[in-house]
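The file run-v3.cif comes next; it holds mmCIF, C-alpha atoms and all ligand atoms.
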data_target
#
loop_
_atom_site.label_atom_id
_atom_site.label_comp_id
_atom_site.auth_asym_id
_atom_site.auth_seq_id
_atom_site.Cartn_x
_atom_site.Cartn_y
_atom_site.Cartn_z
CA MET O 243 10.08 -19.93 -31.91
CA GLU O 244 9.24 -16.28 -31.54
CA PHE O 245 6.52 -15.61 -29.03
CA THR O 246 6.95 -11.92 -28.24
CA ALA O 247 4.59 -9.46 -29.91
CA ASP O 248 6.10 -6.69 -32.05
CA VAL O 249 4.78 -3.99 -29.74
CA ILE O 250 6.76 -5.50 -26.86
CA LYS O 251 9.87 -6.25 -28.92
CA THR O 252 10.03 -2.62 -30.01
CA LEU O 253 9.68 -1.18 -26.50
CA PRO O 254 12.87 0.63 -25.51
CA PRO O 255 14.54 -1.26 -22.66
CA TYR O 256 13.61 -0.25 -19.13
CA LEU O 257 16.52 1.97 -18.29
CA PHE O 258 17.06 0.94 -14.71
CA SER O 259 17.45 -2.73 -15.59
CA ILE O 260 20.56 -1.79 -17.61
CA PHE O 261 21.99 -0.01 -14.57
CA GLU O 262 21.21 -2.92 -12.31
CA LYS O 263 23.42 -5.15 -14.44
CA ARG O 264 26.39 -2.77 -14.38
CA LYS O 265 25.87 -2.14 -10.68
CA GLU O 266 26.11 -5.87 -9.93
CA GLU O 267 29.30 -6.13 -12.00
CA LEU O 268 30.90 -3.25 -10.12
CA LYS O 269 29.84 -4.66 -6.76
CA LYS O 270 31.41 -8.00 -7.68
CA LYS O 271 34.64 -6.14 -8.32
CA GLY O 272 34.38 -4.78 -4.77
CA VAL O 273 33.22 -1.26 -5.62
CA ASP O 274 31.00 0.32 -2.95
CA VAL O 275 28.35 1.63 -5.32
CA ILE O 276 26.23 4.63 -4.30
CA ASP O 277 23.03 4.57 -6.32
CA PHE O 278 21.26 7.88 -6.93
CA GLY O 279 19.52 6.40 -9.97
CA ILE O 280 16.02 5.13 -9.40
CA GLY O 281 13.48 7.30 -7.55
CA SER O 282 12.37 4.82 -4.93
CA PRO O 283 11.99 6.30 -1.41
CA ASP O 284 14.44 4.84 1.13
CA LEU O 285 12.41 5.78 4.23
CA PRO O 286 9.49 3.83 5.77
CA PRO O 287 5.80 4.75 5.61
CA PRO O 288 4.27 6.43 8.68
CA ALA O 289 3.91 4.07 11.66
CA PHE O 290 0.17 4.80 11.87
CA VAL O 291 -0.23 3.56 8.30
CA ILE O 292 1.62 0.31 9.02
CA ASP O 293 -0.48 -0.12 12.19
CA ARG O 294 -3.70 0.17 10.24
CA LEU O 295 -2.43 -2.33 7.68
CA LYS O 296 -1.52 -4.82 10.40
CA ARG O 297 -4.90 -4.46 12.09
CA GLU O 298 -6.79 -4.98 8.86
CA LEU O 299 -4.81 -8.11 8.06
CA ASP O 300 -6.53 -9.75 11.01
CA ASN O 301 -10.00 -9.24 9.55
CA PRO O 302 -10.90 -12.27 7.40
CA ALA O 303 -13.47 -10.22 5.48
CA ASN O 304 -10.63 -8.18 4.03
CA TYR O 305 -9.41 -11.09 1.93
CA ALA O 306 -12.34 -10.93 -0.46
CA TYR O 307 -12.13 -9.17 -3.82
CA SER O 308 -12.26 -5.42 -3.58
CA PRO O 309 -14.99 -3.61 -5.52
CA TYR O 310 -13.30 -3.03 -8.86
CA ILE O 311 -13.37 0.78 -8.52
CA GLY O 312 -11.86 0.51 -5.03
CA ILE O 313 -13.40 0.55 -1.55
CA LYS O 314 -15.57 3.52 -0.65
CA GLU O 315 -13.39 4.44 2.33
CA PHE O 316 -10.39 5.06 0.08
CA ARG O 317 -12.32 6.95 -2.60
CA GLN O 318 -13.97 9.08 0.09
CA ALA O 319 -10.55 9.80 1.61
CA VAL O 320 -9.32 10.99 -1.79
CA ALA O 321 -12.38 13.22 -2.18
CA ASP O 322 -11.92 14.66 1.32
CA PHE O 323 -8.23 15.23 0.62
CA TYR O 324 -9.05 17.24 -2.52
CA LYS O 325 -11.61 19.30 -0.65
CA ARG O 326 -9.25 20.01 2.23
CA GLU O 327 -6.08 20.69 0.25
CA TYR O 328 -7.43 22.30 -2.92
CA GLY O 329 -11.04 23.27 -2.27
CA VAL O 330 -12.11 20.91 -5.09
CA ASP O 331 -15.36 18.93 -4.77
CA LEU O 332 -15.26 15.36 -6.07
CA ASP O 333 -17.94 12.70 -6.18
CA PRO O 334 -16.20 9.64 -4.73
CA ASP O 335 -18.37 7.30 -6.82
CA THR O 336 -17.82 8.77 -10.27
CA GLU O 337 -14.90 11.18 -10.09
CA VAL O 338 -12.40 9.05 -8.15
CA LEU O 339 -10.97 5.68 -9.15
CA THR O 340 -8.52 3.55 -7.17
CA LEU O 341 -5.36 2.52 -9.01
CA ILE O 342 -2.71 -0.12 -8.38
CA GLY O 343 -0.12 2.65 -8.38
CA SER O 344 -0.39 5.59 -10.74
CA LYS O 345 1.88 4.01 -13.38
CA GLU O 346 -0.71 1.28 -13.86
CA GLY O 347 -3.35 3.97 -14.31
CA ILE O 348 -1.27 6.01 -16.74
CA VAL O 349 -0.61 3.06 -19.04
CA HIS O 350 -4.17 1.75 -18.86
CA LEU O 351 -5.76 5.17 -19.30
CA LEU O 352 -4.20 5.59 -22.73
CA GLN O 353 -5.57 2.19 -23.72
CA ALA O 354 -9.00 3.36 -22.60
CA VAL O 355 -9.05 6.71 -24.43
CA VAL O 356 -6.46 6.81 -27.24
CA ASN O 357 -6.93 5.09 -30.61
CA PRO O 358 -3.95 3.92 -32.68
CA GLY O 359 -2.43 6.82 -34.61
CA GLU O 360 -3.88 9.55 -32.39
CA THR O 361 -1.46 12.19 -31.12
CA VAL O 362 -0.34 12.37 -27.51
CA LEU O 363 1.66 15.36 -26.22
CA VAL O 364 4.50 14.25 -23.97
CA PRO O 365 6.92 16.42 -21.96
CA ASP O 366 10.58 16.13 -22.96
CA PRO O 367 12.33 15.52 -20.64
CA GLY O 368 9.61 13.49 -18.94
CA PHE O 369 8.70 10.37 -16.99
CA GLN O 370 9.39 7.28 -19.09
CA ALA O 371 5.98 5.68 -18.49
CA TYR O 372 4.35 8.31 -20.72
CA TRP O 373 6.28 7.23 -23.83
CA LYS O 374 5.83 3.58 -23.02
CA ALA O 375 2.09 4.12 -22.67
CA VAL O 376 1.94 5.86 -26.06
CA HIS O 377 3.99 3.09 -27.66
CA LEU O 378 1.71 0.37 -26.27
CA VAL O 379 -1.40 1.94 -27.84
CA LYS O 380 0.46 2.66 -31.11
CA GLY O 381 -0.23 6.35 -30.64
CA GLU O 382 1.77 9.18 -32.18
CA GLY O 383 3.92 10.75 -29.49
CA TYR O 384 4.72 14.44 -29.90
CA ASN O 385 7.48 15.63 -27.58
CA TYR O 386 7.01 19.14 -26.35
CA PRO O 387 10.30 20.47 -24.98
CA LEU O 388 10.80 21.78 -21.46
CA ASN O 389 13.91 23.84 -20.94
CA GLU O 390 15.90 25.56 -18.29
CA LYS O 391 15.41 29.04 -19.76
CA ASN O 392 11.71 29.11 -19.00
CA GLY O 393 11.78 27.09 -15.82
CA TYR O 394 10.71 23.86 -17.57
CA GLN O 395 7.22 25.18 -18.26
CA PRO O 396 5.35 24.03 -21.39
CA GLU O 397 5.58 26.54 -24.24
CA PHE O 398 2.03 26.03 -25.42
CA GLU O 399 2.39 28.65 -28.13
CA ASN O 400 5.21 26.68 -29.77
CA ILE O 401 3.11 23.60 -30.40
CA PRO O 402 1.78 23.95 -33.97
CA GLU O 403 -1.96 24.29 -34.44
CA ASP O 404 -2.14 21.25 -36.72
CA VAL O 405 -0.63 19.19 -33.91
CA TYR O 406 -3.25 20.44 -31.46
CA LYS O 407 -5.93 19.59 -33.99
CA ARG O 408 -4.94 15.93 -34.06
CA THR O 409 -4.17 15.68 -30.35
CA LYS O 410 -6.19 13.33 -28.17
CA PHE O 411 -4.23 13.55 -24.95
CA MET O 412 -1.69 15.77 -23.21
CA PHE O 413 0.55 14.75 -20.33
CA LEU O 414 1.60 17.31 -17.74
CA ASN O 415 3.65 16.50 -14.65
CA TYR O 416 4.05 19.13 -11.95
CA PRO O 417 5.94 19.05 -9.70
CA SER O 418 8.06 17.42 -12.35
CA ASN O 419 10.15 14.33 -12.63
CA PRO O 420 12.96 14.63 -13.72
CA THR O 421 13.31 18.45 -13.79
CA ALA O 422 12.01 19.09 -10.23
CA ALA O 423 10.14 22.13 -11.62
CA THR O 424 7.04 23.48 -9.94
CA THR O 425 4.27 25.32 -11.77
CA THR O 426 1.47 27.80 -11.24
CA LEU O 427 -2.27 27.59 -11.69
CA ASP O 428 -2.21 29.75 -14.82
CA VAL O 429 -0.24 27.02 -16.63
CA PHE O 430 -2.98 24.52 -15.81
CA GLU O 431 -5.64 27.05 -16.85
CA GLU O 432 -3.99 27.51 -20.24
CA ALA O 433 -3.74 23.73 -20.70
CA VAL O 434 -7.43 23.33 -19.87
CA ARG O 435 -8.38 26.18 -22.21
CA LEU O 436 -6.48 24.53 -25.08
CA ALA O 437 -7.89 21.11 -24.26
CA LYS O 438 -11.41 22.51 -24.48
CA LYS O 439 -10.69 24.41 -27.67
CA TYR O 440 -9.13 21.44 -29.48
CA ARG O 441 -11.10 18.74 -27.66
CA PHE O 442 -8.41 16.69 -26.06
CA ILE O 443 -7.81 15.25 -22.60
CA VAL O 444 -5.25 16.87 -20.33
CA SER O 445 -3.77 14.98 -17.43
CA ASN O 446 -1.53 16.13 -14.61
CA ASP O 447 0.60 13.61 -12.76
CA SER O 448 0.81 14.91 -9.20
CA ALA O 449 2.99 12.18 -7.66
CA TYR O 450 5.23 14.80 -6.00
CA SER O 451 2.60 17.37 -5.05
CA PHE O 452 3.45 17.71 -1.39
CA ILE O 453 7.20 17.14 -1.64
CA THR O 454 8.03 20.84 -1.63
CA PHE O 455 10.49 23.13 0.14
CA THR O 456 8.45 26.30 0.07
CA ASP O 457 5.32 27.22 1.99
CA GLU O 458 3.28 27.41 -1.16
CA VAL O 459 1.05 24.44 -1.91
CA GLN O 460 1.45 23.27 -5.49
CA PRO O 461 -1.82 23.66 -7.41
CA SER O 462 -4.03 20.86 -8.66
CA ILE O 463 -5.10 20.97 -12.31
CA LEU O 464 -8.66 20.49 -11.05
CA GLN O 465 -8.51 24.00 -9.57
CA ALA O 466 -8.43 25.41 -13.10
CA GLU O 467 -11.69 26.89 -14.38
CA GLY O 468 -13.80 24.20 -16.04
CA ALA O 469 -11.13 21.53 -15.56
CA LYS O 470 -13.61 18.74 -14.96
CA GLU O 471 -14.77 19.01 -18.58
CA VAL O 472 -11.44 17.78 -19.96
CA ALA O 473 -8.95 17.07 -17.18
CA VAL O 474 -7.85 14.30 -14.88
CA GLU O 475 -5.15 14.14 -12.26
CA PHE O 476 -3.13 11.16 -11.12
CA GLY O 477 -2.11 10.83 -7.50
CA SER O 478 0.13 8.36 -5.76
CA LEU O 479 0.91 7.34 -2.21
CA SER O 480 4.34 6.09 -3.36
CA LYS O 481 6.31 9.27 -2.78
CA ILE O 482 4.51 11.35 -0.17
CA TYR O 483 3.92 8.40 2.18
CA ASN O 484 6.86 6.17 1.13
CA MET O 485 4.42 3.47 0.06
CA ALA O 486 5.95 2.73 -3.36
CA GLY O 487 5.92 -1.04 -3.04
CA MET O 488 2.35 -1.10 -1.76
CA ARG O 489 1.13 -0.01 -5.19
CA ILE O 490 -1.69 2.36 -4.47
CA GLY O 491 -2.76 5.52 -6.25
CA TYR O 492 -5.81 7.18 -7.76
CA ILE O 493 -7.14 9.18 -10.66
CA VAL O 494 -9.60 12.03 -10.18
CA GLY O 495 -11.47 14.40 -12.48
CA ASN O 496 -13.69 14.06 -15.55
CA LYS O 497 -16.17 11.26 -14.96
CA ASP O 498 -16.40 10.04 -18.57
CA ILE O 499 -12.64 9.61 -18.77
CA ILE O 500 -12.66 7.83 -15.42
CA LYS O 501 -15.52 5.61 -16.52
CA ALA O 502 -13.60 4.54 -19.63
CA LEU O 503 -10.62 3.60 -17.48
CA ALA O 504 -12.82 1.83 -14.92
CA THR O 505 -14.41 -0.22 -17.71
CA LEU O 506 -11.01 -1.30 -19.01
CA LYS O 507 -9.71 -2.08 -15.53
CA SER O 508 -12.78 -4.09 -14.57
CA ASN O 509 -11.74 -6.43 -17.37
CA VAL O 510 -8.07 -6.50 -16.41
CA ASP O 511 -7.65 -6.40 -12.64
CA THR O 512 -9.82 -6.45 -9.56
CA CYS O 513 -8.26 -3.52 -7.79
CA GLN O 514 -5.80 -3.59 -4.88
CA PHE O 515 -5.84 -5.71 -1.68
CA ILE O 516 -8.39 -4.13 0.68
CA PRO O 517 -6.01 -3.58 3.66
CA ILE O 518 -3.66 -1.59 1.43
CA GLN O 519 -6.56 0.66 0.39
CA GLN O 520 -7.52 1.06 4.05
CA ALA O 521 -3.95 1.94 5.04
CA ALA O 522 -3.83 4.43 2.18
CA ALA O 523 -7.09 6.02 3.33
CA THR O 524 -5.58 6.45 6.79
CA ALA O 525 -2.56 8.16 5.21
CA LEU O 526 -4.69 10.58 3.17
CA ASN O 527 -6.87 11.40 6.17
CA SER O 528 -3.86 12.31 8.33
CA ASP O 529 -2.51 15.80 8.84
CA ARG O 530 0.58 17.00 6.99
CA GLN O 531 3.00 16.37 9.82
CA PHE O 532 4.54 13.26 8.29
CA VAL O 533 5.08 14.96 4.95
CA ALA O 534 6.54 18.03 6.67
CA GLU O 535 9.13 15.86 8.41
CA LEU O 536 9.87 14.02 5.14
CA ASN O 537 10.41 17.35 3.42
CA ARG O 538 12.80 18.44 6.15
CA ILE O 539 14.92 15.34 5.47
CA TYR O 540 14.86 15.80 1.69
CA LYS O 541 15.74 19.47 2.09
CA GLU O 542 18.82 18.63 4.14
CA ARG O 543 19.87 16.13 1.46
CA ARG O 544 19.14 18.59 -1.30
CA ASP O 545 21.23 21.29 0.32
CA ALA O 546 24.16 18.91 0.89
CA MET O 547 24.04 17.81 -2.73
CA VAL O 548 23.63 21.28 -4.22
CA GLU O 549 26.57 22.53 -2.18
CA GLY O 550 28.68 19.53 -3.14
CA LEU O 551 27.93 19.94 -6.82
CA LYS O 552 29.00 23.55 -6.57
CA ALA O 553 32.37 22.39 -5.24
CA ILE O 554 32.94 20.46 -8.47
CA GLY O 555 31.81 23.37 -10.62
CA ILE O 556 28.16 22.52 -11.19
CA ASP O 557 26.22 25.51 -9.96
CA ILE O 558 22.45 25.12 -9.83
CA ARG O 559 19.55 26.79 -8.11
CA PRO O 560 18.20 24.49 -5.38
CA PRO O 561 14.99 22.84 -6.61
CA GLU O 562 11.78 23.78 -4.81
CA ALA O 563 10.05 20.42 -5.06
CA THR O 564 10.47 16.65 -5.55
CA PHE O 565 13.41 14.59 -4.34
CA TYR O 566 15.36 15.06 -7.56
CA ILE O 567 18.18 17.26 -8.63
CA TRP O 568 18.32 17.98 -12.35
CA ALA O 569 21.63 19.49 -13.31
CA PRO O 570 23.83 20.15 -16.34
CA VAL O 571 26.80 17.85 -16.79
CA LYS O 572 30.25 19.39 -16.58
CA ALA O 573 31.41 21.32 -19.62
CA GLY O 574 33.36 19.23 -22.10
CA TYR O 575 31.38 16.03 -21.46
CA THR O 576 28.36 14.50 -23.10
CA THR O 577 25.72 13.12 -20.78
CA GLU O 578 26.84 9.61 -21.58
CA GLN O 579 30.53 10.35 -20.91
CA PHE O 580 29.75 12.17 -17.69
CA THR O 581 27.44 9.54 -16.20
CA ALA O 582 29.81 6.74 -17.27
CA LYS O 583 32.73 8.53 -15.61
CA LEU O 584 30.79 8.80 -12.36
CA MET O 585 29.87 5.13 -12.46
CA GLU O 586 33.25 3.73 -13.54
CA GLU O 587 35.61 6.02 -11.65
CA ALA O 588 33.61 6.84 -8.52
CA GLY O 589 31.04 4.04 -8.22
CA ILE O 590 28.25 6.62 -8.32
CA ILE O 591 25.10 5.97 -10.28
CA VAL O 592 23.06 8.91 -11.54
CA THR O 593 20.51 8.83 -14.34
CA PRO O 594 21.54 10.28 -17.72
CA GLY O 595 19.16 13.05 -18.75
CA THR O 596 18.66 11.37 -22.12
CA ALA O 597 16.76 8.59 -20.34
CA PHE O 598 13.92 11.11 -20.09
CA GLY O 599 13.94 12.16 -23.74
CA PRO O 600 16.24 13.83 -26.26
CA ALA O 601 15.96 17.22 -24.51
CA GLY O 602 17.74 15.64 -21.53
CA GLU O 603 21.08 15.67 -23.39
CA GLY O 604 23.55 17.70 -21.37
CA TYR O 605 21.81 16.91 -18.07
CA PHE O 606 21.67 14.25 -15.40
CA ARG O 607 19.29 13.43 -12.57
CA ILE O 608 20.15 12.66 -8.97
CA SER O 609 17.56 10.98 -6.77
CA LEU O 610 17.93 12.11 -3.16
CA THR O 611 16.83 8.77 -1.79
CA LYS O 612 20.01 8.14 0.19
CA PRO O 613 21.03 9.37 3.67
CA VAL O 614 22.94 12.63 3.88
CA GLU O 615 26.16 10.80 4.90
CA LYS O 616 26.09 8.92 1.59
CA ILE O 617 25.58 12.18 -0.23
CA ARG O 618 28.61 13.69 1.52
CA GLU O 619 30.69 10.65 0.71
CA ALA O 620 29.65 10.79 -2.94
CA ILE O 621 30.67 14.44 -3.07
CA GLU O 622 34.10 13.60 -1.63
CA ARG O 623 34.58 10.99 -4.33
CA LEU O 624 33.54 13.47 -7.02
CA LYS O 625 36.03 16.05 -5.74
CA ARG O 626 38.85 13.53 -6.10
CA LEU O 627 38.11 12.82 -9.76
CA ASP O 628 40.20 14.35 -12.51
CA TRP O 629 38.00 16.73 -14.45
CA GLN O 630 39.09 17.90 -17.83
CA ASP O 631 38.73 21.65 -17.35
C1 LIG V 1 7.22 7.81 -8.97
C2 LIG V 1 6.32 8.42 -9.96
C3 LIG V 1 4.99 8.03 -10.04
C4 LIG V 1 4.42 7.06 -9.05
O1 LIG V 1 4.20 5.85 -9.61
P1 LIG V 1 3.39 4.76 -8.80
O2 LIG V 1 3.02 3.81 -9.87
O3 LIG V 1 2.21 5.43 -8.17
O4 LIG V 1 4.31 4.19 -7.79
C5 LIG V 1 4.17 8.62 -10.97
N1 LIG V 1 4.62 9.59 -11.78
C6 LIG V 1 5.88 10.03 -11.71
C7 LIG V 1 6.31 11.14 -12.58
C8 LIG V 1 6.78 9.44 -10.82
O5 LIG V 1 8.03 9.86 -10.78
#
Could you express the structure from this file as structure tokens?
Ligand SMILES: *Cc1c(COP(=O)(O)O)cnc(C)c1O
Amino acid sequence: MEFTADVIKTLPPYLFSIFEKRKEELKKKGVDVIDFGIGSPDLPPPAFVIDRLKRELDNPANYAYSPYIGIKEFRQAVADFYKREYGVDLDPDTEVLTLIGSKEGIVHLLQAVVNPGETVLVPDPGFQAYWKAVHLVKGEGYNYPLNEKNGYQPEFENIPEDVYKRTKFMFLNYPSNPTAATTTLDVFEEAVRLAKKYRFIVSNDSAYSFITFTDEVQPSILQAEGAKEVAVEFGSLSKIYNMAGMRIGYIVGNKDIIKALATLKSNVDTCQFIPIQQAAATALNSDRQFVAELNRIYKERRDAMVEGLKAIGIDIRPPEATFYIWAPVKAGYTTEQFTAKLMEEAGIIVTPGTAFGPAGEGYFRISLTKPVEKIREAIERLKRLDWQD
């Protein structure tokens, strides 16, 4: 008997589950695998966040259902965070919604606002969840390319007008996974201008907003003129507070878009466990000291990796944000050959660029979620490999 729906059968496989299988096989053979594949933080959340969580676990009242839009304390913390960091005013009751991680929100938002057949603009290379979300609503994905030449910024002028005319939704993601690119407010302003002109929704995924190695704060799309008419922004505690497994995030911005998502979600889930929302509120209300220390660690890892790659002939400019390195594969190899060589001959897992879209051919992504000693060891292994040039 066949129980699986077509829409699920035709989903491309989740990339990291393929790696997991090969990783287990290699480990069984006794290979000490170093995994720079998946972007899951290896460090713990701040102690003050864990303390709050523990305290709240002792309150029996916290085991009730959460309000479906999330507890007020968390939504207020998000609003205060936007005011403090970006100077953006948000109404915590209508312009902030609690999510069970931003991936949940991304996938559900498309179900709440995109009809089958409507066009969705997706960055290529880009985060896999965007394509999966489009697939699940039977939307028409349109890949807009990001490339090294222009610093992985969207080339708005190269998207044909007839595409804009049928567009319902545009995904942006700065700072970007996988390219590690940052952006500037004028890019968001142009996106908002186009969204207003052609009447579509524009969304920025800000999961990496404070993981940066410069003094400049990355902008929020809500700082763009008139953004609240057409824009939303996703935020996540997963990366900046190492809370990935706690599944907590938020969406902010246009209240009609947020209301559509809240309506869907009220029929699907009943929000996150209250103590997790409380712990997340404590994180957002804290100063930036924790994130500053986190960035210091990622910067040390980044520098070790960039230097190591140089030693094997891959010369890249150090990324200014995120915990990823996006780099070209060595000349003479395809992405698949290069990443397979690393895995089979050195026990090193990196993600092939093609996992993030066709424009990722010729590139690979390293996630800096391993201690610097592991990075140095990986580099030593790479130096010992026979390269064909
Ligand atoms: C890690 C990541 C997220 C965060 O997802 P959560 O569901 O909040 O854990 C969102 N967007 C991008 C681009 C990411 O890389």
Using all atoms listed in the file, find each protein or nucleic acid residue lying at most 8 Å from ligand LIG 1 (chain V); present the set as a VMD selection string.
-> chain O and resid 281 to 282 342 to 347 368 to 369 371 415 418 to 420 447 to 450 476 to 481 485 to 487 489 to 491
How would the residues just chosen look if you wrote them out with C-alpha atoms as an mmCIF file, in the frame of the given file?
data_model
loop_
_atom_site.group_PDB
_atom_site.id
_atom_site.type_symbol
_atom_site.label_atom_id
_atom_site.label_comp_id
_atom_site.auth_asym_id
_atom_site.auth_seq_id
_atom_site.Cartn_x
_atom_site.Cartn_y
_atom_site.Cartn_z
ATOM 1 C CA GLY O 281 13.480 7.300 -7.550
ATOM 2 C CA SER O 282 12.370 4.820 -4.930
ATOM 3 C CA ILE O 342 -2.710 -0.120 -8.380
ATOM 4 C CA GLY O 343 -0.120 2.650 -8.380
ATOM 5 C CA SER O 344 -0.390 5.590 -10.740
ATOM 6 C CA LYS O 345 1.880 4.010 -13.380
ATOM 7 C CA GLU O 346 -0.710 1.280 -13.860
ATOM 8 C CA GLY O 347 -3.350 3.970 -14.310
ATOM 9 C CA GLY O 368 9.610 13.490 -18.940
ATOM 10 C CA PHE O 369 8.700 10.370 -16.990
ATOM 11 C CA ALA O 371 5.980 5.680 -18.490
ATOM 12 C CA ASN O 415 3.650 16.500 -14.650
ATOM 13 C CA SER O 418 8.060 17.420 -12.350
ATOM 14 C CA ASN O 419 10.150 14.330 -12.630
ATOM 15 C CA PRO O 420 12.960 14.630 -13.720
ATOM 16 C CA ASP O 447 0.600 13.610 -12.760
ATOM 17 C CA SER O 448 0.810 14.910 -9.200
ATOM 18 C CA ALA O 449 2.990 12.180 -7.660
ATOM 19 C CA TYR O 450 5.230 14.800 -6.000
ATOM 20 C CA PHE O 476 -3.130 11.160 -11.120
ATOM 21 C CA GLY O 477 -2.110 10.830 -7.500
ATOM 22 C CA SER O 478 0.130 8.360 -5.760
ATOM 23 C CA LEU O 479 0.910 7.340 -2.210
ATOM 24 C CA SER O 480 4.340 6.090 -3.360
ATOM 25 C CA LYS O 481 6.310 9.270 -2.780
ATOM 26 C CA MET O 485 4.420 3.470 0.060
ATOM 27 C CA ALA O 486 5.950 2.730 -3.360
ATOM 28 C CA GLY O 487 5.920 -1.040 -3.040
ATOM 29 C CA ARG O 489 1.130 -0.010 -5.190
ATOM 30 C CA ILE O 490 -1.690 2.360 -4.470
ATOM 31 C CA GLY O 491 -2.760 5.520 -6.250
#
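In this comparison, which uses all atoms listed in the file, the residue of O:Leu610, O:Ala354, O:Ile567, O:Ala522 approaching O:Ile292 most closely is O:Ala522.
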In the coordinates of the file, take the point (-13.5, 21.3, -3.3) and a cut-off of 12 Å; then, counting only C-alpha atoms, name each qualifying protein, DNA or RNA residue as a PDB file with C-alpha atoms, in the frame of the given file.
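Result file is result_10.pdb:
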ATOM      1  CA  VAL O 320      -9.320  10.990  -1.790  1.00  0.00           C
ATOM      2  CA  ALA O 321     -12.380  13.220  -2.180  1.00  0.00           C
ATOM      3  CA  ASP O 322     -11.920  14.660   1.320  1.00  0.00           C
ATOM      4  CA  PHE O 323      -8.230  15.230   0.620  1.00  0.00           C
ATOM      5  CA  TYR O 324      -9.050  17.240  -2.520  1.00  0.00           C
ATOM      6  CA  LYS O 325     -11.610  19.300  -0.650  1.00  0.00           C
ATOM      7  CA  ARG O 326      -9.250  20.010   2.230  1.00  0.00           C
ATOM      8  CA  GLU O 327      -6.080  20.690   0.250  1.00  0.00           C
ATOM      9  CA  TYR O 328      -7.430  22.300  -2.920  1.00  0.00           C
ATOM     10  CA  GLY O 329     -11.040  23.270  -2.270  1.00  0.00           C
ATOM     11  CA  VAL O 330     -12.110  20.910  -5.090  1.00  0.00           C
ATOM     12  CA  ASP O 331     -15.360  18.930  -4.770  1.00  0.00           C
ATOM     13  CA  LEU O 332     -15.260  15.360  -6.070  1.00  0.00           C
ATOM     14  CA  ASP O 333     -17.940  12.700  -6.180  1.00  0.00           C
ATOM     15  CA  SER O 462      -4.030  20.860  -8.660  1.00  0.00           C
ATOM     16  CA  LEU O 464      -8.660  20.490 -11.050  1.00  0.00           C
ATOM     17  CA  GLN O 465      -8.510  24.000  -9.570  1.00  0.00           C
ATOM     18  CA  ALA O 466      -8.430  25.410 -13.100  1.00  0.00           C
ATOM     19  CA  LYS O 470     -13.610  18.740 -14.960  1.00  0.00           C
ATOM     20  CA  GLY O 495     -11.470  14.400 -12.480  1.00  0.00           C
TER      21      GLY O 495
END
Point-to-point distance in Å for atom CA of O:Glu587 and atom CA of O:Glu267 =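 Between atom CA of O:Glu267 and atom CA of O:Glu587 the gap is 13.7 Å.
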Find the residues of stretch 310-405 of chain O that sit at most 10 Å from stretch 246-250 of chain O; for each, write down the nearest two atoms and how far apart they are in Å, to one decimal. Count all atoms listed in the file. Sort by chain, then by number going up, and give it as a tab-separated table.
residue	atom	partner	partner_atom	distance
O:Lys374	CA	O:Ile250	CA	9.9
O:His377	CA	O:Val249	CA	7.4
O:Leu378	CA	O:Val249	CA	6.4
O:Val379	CA	O:Val249	CA	8.8
O:Lys380	CA	O:Val249	CA	8.0
Test item: residues at most 9 Å from O:Lys612, all atoms listed in the file, excluding those fewer than 6 positions along its chain, as a VMD selection string | chain O and resid 276 to 278 283 to 285 543
Once you count all atoms listed in the file, what closest atom pair and distance in Å to one decimal does each residue of stretch 488-556 of chain O within 9 Å of stretch 293-302 of chain O have, with rows by chain and rising residue number, as a tab-separated table?
residue	atom	partner	partner_atom	distance
O:Ile516	CA	O:Glu298	CA	8.4
O:Pro517	CA	O:Glu298	CA	5.4
O:Ile518	CA	O:Leu295	CA	6.4
O:Gln519	CA	O:Leu295	CA	8.9
O:Gln520	CA	O:Leu295	CA	7.1
O:Ala521	CA	O:Leu295	CA	5.2
O:Ala522	CA	O:Leu295	CA	8.8
O:Thr524	CA	O:Arg294	CA	7.4
